[in-house]
$ cat model38.json   # JSON, C-alpha atoms
[["chain", "number", "residue", "atom", "x", "y", "z"],
["A", 180, "MET", "CA", 31.80, -101.11, 52.75],
["A", 181, "ASN", "CA", 29.34, -103.65, 51.37],
["A", 182, "LYS", "CA", 31.44, -106.43, 52.87],
["A", 183, "ASP", "CA", 31.39, -104.71, 56.27],
["A", 184, "ASN", "CA", 27.61, -104.27, 56.07],
["A", 185, "SER", "CA", 27.22, -107.90, 55.09],
["A", 186, "ASN", "CA", 29.38, -109.03, 58.05],
["A", 187, "ILE", "CA", 27.34, -106.90, 60.47],
["A", 188, "LYS", "CA", 24.08, -108.22, 59.03],
["A", 189, "THR", "CA", 25.30, -111.82, 59.39],
["A", 190, "LEU", "CA", 26.43, -111.17, 62.97],
["A", 191, "LEU", "CA", 23.09, -109.58, 63.93],
["A", 192, "LEU", "CA", 21.04, -112.31, 62.27],
["A", 193, "GLY", "CA", 23.15, -115.05, 63.81],
["A", 194, "SER", "CA", 22.86, -113.38, 67.22],
["A", 195, "PHE", "CA", 19.07, -113.18, 66.80],
["A", 196, "PHE", "CA", 18.81, -116.92, 66.10],
["A", 197, "ALA", "CA", 21.10, -117.69, 69.04],
["A", 198, "SER", "CA", 19.11, -115.44, 71.39],
["A", 199, "LEU", "CA", 15.78, -116.96, 70.35],
["A", 200, "SER", "CA", 17.20, -120.44, 70.82],
["A", 201, "ALA", "CA", 18.56, -119.52, 74.26],
["A", 202, "THR", "CA", 15.23, -118.05, 75.37],
["A", 203, "LEU", "CA", 13.35, -121.16, 74.28],
["A", 204, "GLY", "CA", 16.06, -123.27, 75.90],
["A", 205, "GLY", "CA", 15.41, -121.61, 79.26],
["A", 206, "SER", "CA", 11.76, -122.59, 79.04],
["A", 207, "THR", "CA", 12.68, -126.26, 78.58],
["A", 208, "PHE", "CA", 14.10, -126.44, 82.11],
["A", 209, "VAL", "CA", 10.75, -125.34, 83.48],
["A", 210, "PHE", "CA", 8.67, -127.72, 81.36],
["A", 211, "THR", "CA", 11.08, -130.61, 82.01],
["A", 212, "ARG", "CA", 10.85, -129.94, 85.76],
["A", 213, "TYR", "CA", 7.06, -129.95, 85.36],
["A", 214, "VAL", "CA", 6.80, -133.39, 83.71],
["A", 215, "VAL", "CA", 9.83, -135.28, 85.04],
["A", 216, "ASP", "CA", 7.89, -136.64, 88.03],
["A", 217, "SER", "CA", 5.49, -138.42, 85.67],
["A", 218, "ILE", "CA", 7.79, -139.35, 82.78],
["A", 219, "ASP", "CA", 11.18, -140.80, 83.67],
["A", 220, "PRO", "CA", 14.20, -138.85, 82.30],
["A", 221, "PHE", "CA", 15.27, -141.50, 79.76],
["A", 222, "THR", "CA", 11.81, -141.89, 78.25],
["A", 223, "LEU", "CA", 11.33, -138.11, 78.24],
["A", 224, "SER", "CA", 14.59, -137.60, 76.29],
["A", 225, "PHE", "CA", 13.68, -140.35, 73.82],
["A", 226, "VAL", "CA", 10.17, -139.02, 73.16],
["A", 227, "ARG", "CA", 11.14, -135.35, 73.07],
["A", 228, "TYR", "CA", 14.09, -135.61, 70.70],
["A", 229, "GLY", "CA", 12.66, -138.52, 68.73],
["A", 230, "LEU", "CA", 9.58, -136.49, 67.79],
["A", 231, "THR", "CA", 11.70, -133.36, 67.30],
["A", 232, "GLY", "CA", 13.90, -135.18, 64.78],
["A", 233, "PHE", "CA", 10.88, -136.75, 63.06],
["A", 234, "ILE", "CA", 9.21, -133.36, 62.60],
["A", 235, "LEU", "CA", 12.43, -131.79, 61.29],
["A", 236, "PHE", "CA", 12.80, -134.71, 58.88],
["A", 237, "LEU", "CA", 9.25, -134.33, 57.56],
["A", 238, "LEU", "CA", 9.70, -130.58, 57.09],
["A", 239, "SER", "CA", 12.94, -131.00, 55.13],
["A", 240, "ILE", "CA", 12.86, -134.52, 53.74],
["A", 241, "SER", "CA", 13.95, -133.48, 50.24],
["A", 242, "VAL", "CA", 16.95, -131.55, 51.56],
["A", 243, "PHE", "CA", 18.08, -134.39, 53.84],
["A", 244, "ILE", "CA", 17.75, -137.18, 51.25],
["A", 245, "LYS", "CA", 19.84, -135.25, 48.69],
["A", 246, "LYS", "CA", 22.63, -134.56, 51.18],
["A", 247, "LYS", "CA", 25.56, -136.99, 51.09],
["A", 248, "PHE", "CA", 27.82, -137.23, 54.13],
["A", 249, "ASP", "CA", 31.47, -138.22, 53.79],
["A", 250, "ARG", "CA", 32.08, -141.54, 55.52],
["A", 251, "LYS", "CA", 34.95, -140.07, 57.53],
["A", 252, "ASP", "CA", 32.49, -137.59, 59.09],
["A", 253, "LEU", "CA", 29.89, -140.12, 60.23],
["A", 254, "ILE", "CA", 31.69, -141.26, 63.39],
["A", 255, "PRO", "CA", 32.53, -137.76, 64.74],
["A", 256, "MET", "CA", 28.98, -136.63, 63.90],
["A", 257, "SER", "CA", 27.64, -139.64, 65.79],
["A", 258, "PHE", "CA", 29.61, -138.48, 68.84],
["A", 259, "LEU", "CA", 27.88, -135.11, 68.45],
["A", 260, "GLY", "CA", 24.58, -136.97, 68.71],
["A", 261, "LEU", "CA", 25.84, -138.74, 71.82],
["A", 262, "SER", "CA", 26.85, -135.48, 73.48],
["A", 263, "MET", "CA", 23.92, -133.21, 72.53],
["A", 264, "ILE", "CA", 20.95, -135.58, 72.21],
["A", 265, "THR", "CA", 21.83, -138.34, 74.68],
["A", 266, "LEU", "CA", 24.14, -137.09, 77.43],
["A", 267, "PHE", "CA", 22.89, -133.50, 77.70],
["A", 268, "PRO", "CA", 19.10, -134.07, 77.92],
["A", 269, "ASN", "CA", 19.39, -137.15, 80.13],
["A", 270, "PHE", "CA", 21.71, -135.51, 82.64],
["A", 271, "MET", "CA", 19.53, -132.38, 82.49],
["A", 272, "ALA", "CA", 16.34, -134.35, 83.21],
["A", 273, "LEU", "CA", 18.05, -136.37, 85.94],
["A", 274, "GLY", "CA", 19.34, -133.16, 87.51],
["A", 275, "LEU", "CA", 15.93, -131.50, 87.40],
["A", 276, "GLU", "CA", 14.53, -134.25, 89.59],
["A", 277, "TYR", "CA", 16.55, -132.66, 92.40],
["A", 278, "THR", "CA", 17.33, -129.02, 91.59],
["A", 279, "THR", "CA", 15.20, -126.06, 90.49],
["A", 280, "ALA", "CA", 14.60, -124.83, 86.94],
["A", 281, "ALA", "CA", 16.16, -121.45, 87.81],
["A", 282, "ARG", "CA", 19.40, -123.02, 89.09],
["A", 283, "ALA", "CA", 19.51, -125.33, 86.06],
["A", 284, "GLY", "CA", 19.10, -122.36, 83.70],
["A", 285, "LEU", "CA", 21.88, -120.50, 85.48],
["A", 286, "LEU", "CA", 24.23, -123.49, 85.24],
["A", 287, "TYR", "CA", 23.42, -123.92, 81.56],
["A", 288, "ALA", "CA", 24.35, -120.29, 80.97],
["A", 289, "THR", "CA", 27.93, -121.15, 81.97],
["A", 290, "MET", "CA", 28.19, -123.13, 78.72],
["A", 291, "PRO", "CA", 30.22, -120.41, 76.92],
["A", 292, "LEU", "CA", 32.81, -120.65, 79.68],
["A", 293, "CYS", "CA", 32.91, -124.43, 79.39],
["A", 294, "THR", "CA", 33.17, -123.92, 75.63],
["A", 295, "ILE", "CA", 36.21, -121.68, 76.13],
["A", 296, "VAL", "CA", 37.97, -124.30, 78.24],
["A", 297, "ILE", "CA", 37.22, -127.16, 75.83],
["A", 298, "ALA", "CA", 38.13, -125.09, 72.75],
["A", 299, "TYR", "CA", 41.40, -124.08, 74.43],
["A", 300, "LEU", "CA", 42.29, -127.66, 75.42],
["A", 301, "PHE", "CA", 41.76, -128.81, 71.84],
["A", 302, "LYS", "CA", 43.59, -125.76, 70.44],
["A", 303, "ILE", "CA", 40.53, -124.48, 68.58],
["A", 304, "GLU", "CA", 40.51, -121.05, 70.28],
["A", 305, "GLU", "CA", 43.14, -119.16, 72.24],
["A", 306, "ILE", "CA", 42.48, -118.15, 75.82],
["A", 307, "THR", "CA", 42.95, -114.45, 76.60],
["A", 308, "LEU", "CA", 43.01, -112.26, 79.68],
["A", 309, "ASN", "CA", 39.37, -111.29, 79.02],
["A", 310, "LYS", "CA", 38.31, -114.92, 78.86],
["A", 311, "SER", "CA", 40.27, -115.86, 81.99],
["A", 312, "LEU", "CA", 38.72, -113.00, 83.94],
["A", 313, "ALA", "CA", 35.26, -113.94, 82.66],
["A", 314, "VAL", "CA", 35.68, -117.50, 83.91],
["A", 315, "VAL", "CA", 36.71, -116.25, 87.38],
["A", 316, "ILE", "CA", 33.74, -113.86, 87.58],
["A", 317, "ALA", "CA", 31.26, -116.51, 86.47],
["A", 318, "ILE", "CA", 32.57, -119.20, 88.80],
["A", 319, "THR", "CA", 32.50, -116.77, 91.74],
["A", 320, "GLY", "CA", 28.91, -115.67, 90.98],
["A", 321, "VAL", "CA", 27.59, -119.18, 90.36],
["A", 322, "THR", "CA", 29.30, -120.55, 93.49],
["A", 323, "PHE", "CA", 27.70, -117.74, 95.51],
["A", 324, "CYS", "CA", 24.28, -118.56, 94.03],
["A", 325, "MET", "CA", 24.63, -122.33, 94.42],
["A", 326, "SER", "CA", 25.47, -121.91, 98.11],
["A", 327, "GLU", "CA", 21.86, -120.92, 98.77],
["A", 328, "LYS", "CA", 19.82, -123.65, 100.42],
["A", 329, "VAL", "CA", 16.53, -123.97, 98.56],
["A", 330, "ASP", "CA", 15.10, -126.71, 100.77],
["A", 331, "SER", "CA", 15.87, -128.84, 103.81],
["A", 332, "ASN", "CA", 17.61, -131.54, 101.75],
["A", 333, "PHE", "CA", 20.36, -129.37, 100.32],
["A", 334, "SER", "CA", 22.61, -132.32, 99.42],
["A", 335, "GLN", "CA", 19.97, -133.51, 96.93],
["A", 336, "THR", "CA", 19.87, -130.06, 95.36],
["A", 337, "LEU", "CA", 23.66, -130.11, 94.94],
["A", 338, "LYS", "CA", 23.38, -133.57, 93.39],
["A", 339, "GLY", "CA", 20.96, -132.13, 90.84],
["A", 340, "ASP", "CA", 23.34, -129.22, 90.19],
["A", 341, "PHE", "CA", 26.21, -131.66, 89.56],
["A", 342, "LEU", "CA", 24.14, -133.76, 87.14],
["A", 343, "MET", "CA", 23.05, -130.61, 85.32],
["A", 344, "MET", "CA", 26.63, -129.38, 85.04],
["A", 345, "THR", "CA", 27.69, -132.72, 83.55],
["A", 346, "GLY", "CA", 25.06, -132.22, 80.87],
["A", 347, "VAL", "CA", 26.34, -128.69, 80.26],
["A", 348, "PHE", "CA", 29.84, -130.01, 79.49],
["A", 349, "ALA", "CA", 28.29, -132.45, 77.00],
["A", 350, "ALA", "CA", 26.38, -129.61, 75.29],
["A", 351, "SER", "CA", 29.58, -127.54, 75.21],
["A", 352, "CYS", "CA", 31.32, -130.31, 73.29],
["A", 353, "PHE", "CA", 28.58, -130.11, 70.66],
["A", 354, "THR", "CA", 28.99, -126.32, 70.40],
["A", 355, "VAL", "CA", 32.77, -126.58, 69.98],
["A", 356, "PHE", "CA", 32.94, -129.41, 67.46],
["A", 357, "SER", "CA", 29.73, -129.07, 65.41],
["A", 358, "GLY", "CA", 30.53, -125.82, 63.59],
["A", 359, "LYS", "CA", 32.58, -127.27, 60.74],
["A", 360, "TYR", "CA", 29.94, -129.91, 59.96],
["A", 361, "LEU", "CA", 27.11, -127.37, 60.06],
["A", 362, "LYS", "CA", 29.01, -125.19, 57.59],
["A", 363, "LYS", "CA", 29.95, -128.15, 55.38],
["A", 364, "TYR", "CA", 26.55, -129.88, 55.14],
["A", 365, "GLY", "CA", 24.04, -127.27, 56.34],
["A", 366, "ASN", "CA", 22.03, -126.87, 59.50],
["A", 367, "ILE", "CA", 19.07, -129.20, 58.98],
["A", 368, "PRO", "CA", 20.85, -132.32, 57.54],
["A", 369, "VAL", "CA", 23.39, -132.32, 60.39],
["A", 370, "MET", "CA", 20.76, -131.74, 63.07],
["A", 371, "ILE", "CA", 18.55, -134.53, 61.72],
["A", 372, "TYR", "CA", 21.48, -136.97, 61.62],
["A", 373, "VAL", "CA", 22.63, -135.97, 65.11],
["A", 374, "ILE", "CA", 19.11, -136.33, 66.52],
["A", 375, "PHE", "CA", 18.66, -139.70, 64.79],
["A", 376, "ILE", "CA", 21.82, -141.15, 66.37],
["A", 377, "GLY", "CA", 21.04, -139.64, 69.78],
["A", 378, "THR", "CA", 17.45, -140.91, 69.68],
["A", 379, "LEU", "CA", 18.59, -144.49, 68.98],
["A", 380, "LEU", "CA", 20.80, -144.29, 72.06],
["A", 381, "ASN", "CA", 17.97, -142.73, 74.09],
["A", 382, "PHE", "CA", 15.63, -145.54, 73.04],
["A", 383, "SER", "CA", 18.13, -148.12, 74.30],
["A", 384, "LEU", "CA", 18.47, -146.26, 77.61],
["A", 385, "SER", "CA", 14.70, -145.99, 77.96],
["A", 386, "LEU", "CA", 14.24, -149.72, 77.43],
["A", 387, "SER", "CA", 17.04, -150.53, 79.87],
["A", 388, "PHE", "CA", 16.52, -148.00, 82.65],
["A", 389, "GLY", "CA", 13.23, -146.21, 81.98],
["A", 390, "SER", "CA", 9.55, -147.07, 81.98],
["A", 391, "ILE", "CA", 8.63, -146.28, 78.40],
["A", 392, "TYR", "CA", 5.25, -148.06, 78.55],
["A", 393, "GLU", "CA", 4.14, -147.04, 82.04],
["A", 394, "SER", "CA", 5.06, -143.34, 81.81],
["A", 395, "PHE", "CA", 2.17, -142.21, 79.64],
["A", 396, "TYR", "CA", -0.57, -143.89, 81.66],
["A", 397, "GLN", "CA", -0.21, -141.36, 84.48],
["A", 398, "ILE", "CA", 0.35, -138.16, 82.48],
["A", 399, "ASN", "CA", -2.39, -135.52, 82.69],
["A", 400, "GLU", "CA", -3.48, -132.92, 80.12],
["A", 401, "PHE", "CA", -1.27, -130.17, 81.61],
["A", 402, "GLU", "CA", 1.81, -132.40, 81.49],
["A", 403, "LEU", "CA", 0.92, -133.37, 77.93],
["A", 404, "ALA", "CA", 0.82, -129.66, 77.02],
["A", 405, "ALA", "CA", 4.22, -129.18, 78.68],
["A", 406, "LEU", "CA", 5.57, -132.11, 76.65],
["A", 407, "ALA", "CA", 4.27, -130.46, 73.47],
["A", 408, "MET", "CA", 6.12, -127.26, 74.47],
["A", 409, "LEU", "CA", 9.31, -129.31, 74.86],
["A", 410, "ILE", "CA", 8.89, -130.84, 71.40],
["A", 411, "ILE", "CA", 7.79, -127.88, 69.22],
["A", 412, "PRO", "CA", 9.24, -124.58, 70.50],
["A", 413, "GLY", "CA", 11.71, -126.25, 72.89],
["A", 414, "GLY", "CA", 12.79, -128.87, 70.36],
["A", 415, "VAL", "CA", 12.18, -128.17, 66.68],
["A", 416, "ILE", "CA", 12.43, -124.36, 66.75],
["A", 417, "MET", "CA", 15.20, -124.23, 69.37],
["A", 418, "MET", "CA", 17.42, -126.78, 67.57],
["A", 419, "TYR", "CA", 16.85, -125.14, 64.19],
["A", 420, "CYS", "CA", 17.74, -121.68, 65.51],
["A", 421, "TRP", "CA", 20.87, -122.84, 67.36],
["A", 422, "GLY", "CA", 22.18, -124.73, 64.34],
["A", 423, "LYS", "CA", 21.41, -121.72, 62.13],
["A", 424, "ALA", "CA", 23.29, -119.44, 64.53],
["A", 425, "LEU", "CA", 26.38, -121.67, 64.51],
["A", 426, "GLN", "CA", 26.37, -121.52, 60.70],
["A", 427, "MET", "CA", 26.57, -117.72, 60.77],
["A", 428, "ILE", "CA", 28.67, -116.83, 63.81],
["A", 429, "THR", "CA", 31.38, -118.44, 65.96],
["A", 430, "PRO", "CA", 30.55, -120.59, 69.03],
["A", 431, "THR", "CA", 31.89, -117.85, 71.32],
["A", 432, "GLN", "CA", 29.80, -115.17, 69.59],
["A", 433, "ALA", "CA", 26.71, -117.37, 69.82],
["A", 434, "ALA", "CA", 27.39, -118.02, 73.48],
["A", 435, "ILE", "CA", 26.77, -114.38, 74.43],
["A", 436, "SER", "CA", 23.05, -115.01, 73.88],
["A", 437, "LEU", "CA", 22.92, -117.62, 76.63],
["A", 438, "GLY", "CA", 22.17, -114.91, 79.18],
["A", 439, "PHE", "CA", 18.57, -115.19, 77.92],
["A", 440, "ASN", "CA", 18.50, -118.81, 79.07],
["A", 441, "PRO", "CA", 18.52, -118.31, 82.85],
["A", 442, "LEU", "CA", 16.35, -115.21, 82.47],
["A", 443, "SER", "CA", 13.49, -117.15, 80.87],
["A", 444, "ALA", "CA", 14.06, -120.09, 83.27],
["A", 445, "ILE", "CA", 13.93, -117.81, 86.33],
["A", 446, "LEU", "CA", 10.81, -115.93, 85.19],
["A", 447, "LEU", "CA", 8.88, -118.99, 83.99],
["A", 448, "GLY", "CA", 10.00, -120.97, 87.03],
["A", 449, "ALA", "CA", 8.48, -118.31, 89.26],
["A", 450, "ILE", "CA", 5.23, -118.21, 87.24],
["A", 451, "ILE", "CA", 4.66, -121.93, 86.57],
["A", 452, "LEU", "CA", 6.55, -123.72, 89.36],
["A", 453, "ASN", "CA", 6.28, -121.04, 92.08],
["A", 454, "GLU", "CA", 10.07, -120.95, 92.48],
["A", 455, "GLN", "CA", 11.46, -118.02, 94.45],
["A", 456, "ILE", "CA", 13.51, -115.28, 92.78],
["A", 457, "THR", "CA", 16.16, -114.65, 95.44],
["A", 458, "PHE", "CA", 18.96, -112.14, 95.86],
["A", 459, "LYS", "CA", 21.64, -114.80, 95.37],
["A", 460, "LEU", "CA", 19.93, -115.98, 92.18],
["A", 461, "ILE", "CA", 19.97, -112.45, 90.77],
["A", 462, "ILE", "CA", 23.68, -112.03, 91.68],
["A", 463, "GLY", "CA", 24.49, -115.31, 89.96],
["A", 464, "PHE", "CA", 22.54, -114.25, 86.86],
["A", 465, "LEU", "CA", 24.29, -110.86, 86.69],
["A", 466, "SER", "CA", 27.72, -112.48, 87.07],
["A", 467, "ILE", "CA", 27.00, -114.74, 84.09],
["A", 468, "ILE", "CA", 25.86, -111.77, 81.98],
["A", 469, "ILE", "CA", 29.01, -109.78, 82.87],
["A", 470, "ALA", "CA", 31.23, -112.79, 82.13],
["A", 471, "ILE", "CA", 29.63, -113.48, 78.74],
["A", 472, "ILE", "CA", 29.85, -109.82, 77.69],
["A", 473, "LEU", "CA", 33.49, -109.71, 78.81],
["A", 474, "VAL", "CA", 34.30, -112.82, 76.76],
["A", 475, "ASN", "CA", 32.79, -111.28, 73.63],
["A", 476, "TRP", "CA", 33.85, -107.65, 74.11],
["A", 477, "ARG", "CA", 37.12, -107.95, 72.18],
["A", 478, "ILE", "CA", 35.45, -109.98, 69.43],
["A", 479, "GLN", "CA", 32.79, -107.33, 68.94],
["A", 480, "LYS", "CA", 35.45, -104.58, 68.81],
["A", 481, "GLU", "CA", 37.41, -106.47, 66.16],
["A", 482, "ASN", "CA", 34.29, -106.97, 64.04]]

$ encode --input "model38.json" --output "structure tokens"
Amino acid sequence: MNKDNSNIKTLLLGSFFASLSATLGGSTFVFTRYVVDSIDPFTLSFVRYGLTGFILFLLSISVFIKKKFDRKDLIPMSFLGLSMITLFPNFMALGLEYTTAARAGLLYATMPLCTIVIAYLFKIEEITLNKSLAVVIAITGVTFCMSEKVDSNFSQTLKGDFLMMTGVFAASCFTVFSGKYLKKYGNIPVMIYVIFIGTLLNFSLSLSFGSIYESFYQINEFELAALAMLIIPGGVIMMYCWGKALQMITPTQAAISLGFNPLSAILLGAIILNEQITFKLIIGFLSIIIAIILVNWRIQKEN
């Protein structure tokens, strides 16, 4: 009985951390869309995650210094940094130059379905009838939503959607493969290492393709506030909560919370960016929610 209560408590707490992370994650699409015209995507990713990692390091310096990583784990953990801190934010920021925050949030919410496919291909999780049906429902709903023309240059919007989806696959790889390292070494040490590696790569990209020195000359006080939102709640708190969730529950269980991501992106996008909340957008959002619940329904019954 005590074991059952403990399992339920762990599941609820892990789900809370995942939900909070997903809600904050939805806000990052809005704030990124707000500043990406002034700060190029590569510089934005470098500054955002560089400062996020630095703050996490300062808050937990004693924990990180004492932690010893096995040499055999350094290379795969570096690839986690490449996927989550370099590929995901850069493709997200590049995509948000062309698409809306609401569409980006909706695409990001398909991450659990991408996670299922990747986990199945690498024989980490089995695919079931529930999961297959969920994928079909989500793809149908998202395709219906993405067919909506949001402006006269619809091909540019689709380009942004494609770039965003590429970033989603990169984030899915992190979700699938990070769990064992988070459990082995703890949330904060792994996240700091991953951010450190990703930030080094982002710095190289910013020097090569960005405008790291020019970007901050044209930023105004509102964009600076949006950048702060990306670093503190959308960086430090979001990363901490997501890592904590993956320590306590499985990637698929954590993925059910991602329905909060497009919800916060849609609502904040309407308030801050004056984006329209359309019928197709609502249908796409509901299809993602149904798909995520369907994926997790059997898991919840078994627990």

$ residues_around --input "model38.json" --residues "Ile428 in chain A" --least-positions-apart "6" --cutoff "10 Å" --atoms "only C-alpha atoms" --output "short mmCIF file (atom, residue, chain, number, x, y, z; two decimals) with C-alpha atoms, in the frame of the given file"
data_model
loop_
_atom_site.label_atom_id
_atom_site.label_comp_id
_atom_site.auth_asym_id
_atom_site.auth_seq_id
_atom_site.Cartn_x
_atom_site.Cartn_y
_atom_site.Cartn_z
CA ASN A 186 29.38 -109.03 58.05
CA THR A 189 25.30 -111.82 59.39
CA LEU A 190 26.43 -111.17 62.97
CA LEU A 191 23.09 -109.58 63.93
CA LEU A 192 21.04 -112.31 62.27
CA GLY A 193 23.15 -115.05 63.81
CA SER A 194 22.86 -113.38 67.22
CA ALA A 197 21.10 -117.69 69.04
CA GLY A 358 30.53 -125.82 63.59
CA ALA A 434 27.39 -118.02 73.48
#

$ closest_residue --input "model38.json" --among "A:Ala350, A:Phe221, A:Leu473, A:Met343" --to "Ser387 in chain A" --atoms "only C-alpha atoms"
A:Phe221

$ closest_residue --input "model38.json" --among "A:Tyr277, A:Cys352, A:Gln455, A:Val242" --to "Phe333 in chain A" --atoms "all atoms listed in the file"
A:Tyr277

$ atom_distance --input "model38.json" --atom1 "CA of Tyr372 in chain A" --atom2 "CA of Pro255 in chain A"
11.5 Å

$ atom_distance --input "model38.json" --atom1 "CA of Pro291 in chain A" --atom2 "CA of Phe236 in chain A"
28.9 Å

$ residues_near_point --input "model38.json" --point "(24.6, -139.3, 72.0)" --cutoff "12 Å" --atoms "only C-alpha atoms" --output "MDAnalysis selection string"
chainID A and resid 224:225 228 254:270 346 349:350 352:353 372:384

$ closest_residue --input "model38.json" --among "A:Asp340, A:Asp249, A:Glu393, A:Glu327" --to "Ile456 in chain A" --atoms "all atoms listed in the file"
A:Glu327

$ closest_residue --input "model38.json" --among "A:Phe195, A:Tyr213, A:Tyr396, A:Phe464" --to "Cys324 in chain A" --atoms "all atoms listed in the file"
A:Phe464

$ atom_distance --input "model38.json" --atom1 "CA of Ala313 in chain A" --atom2 "CA of Ser466 in chain A"
8.9 Å
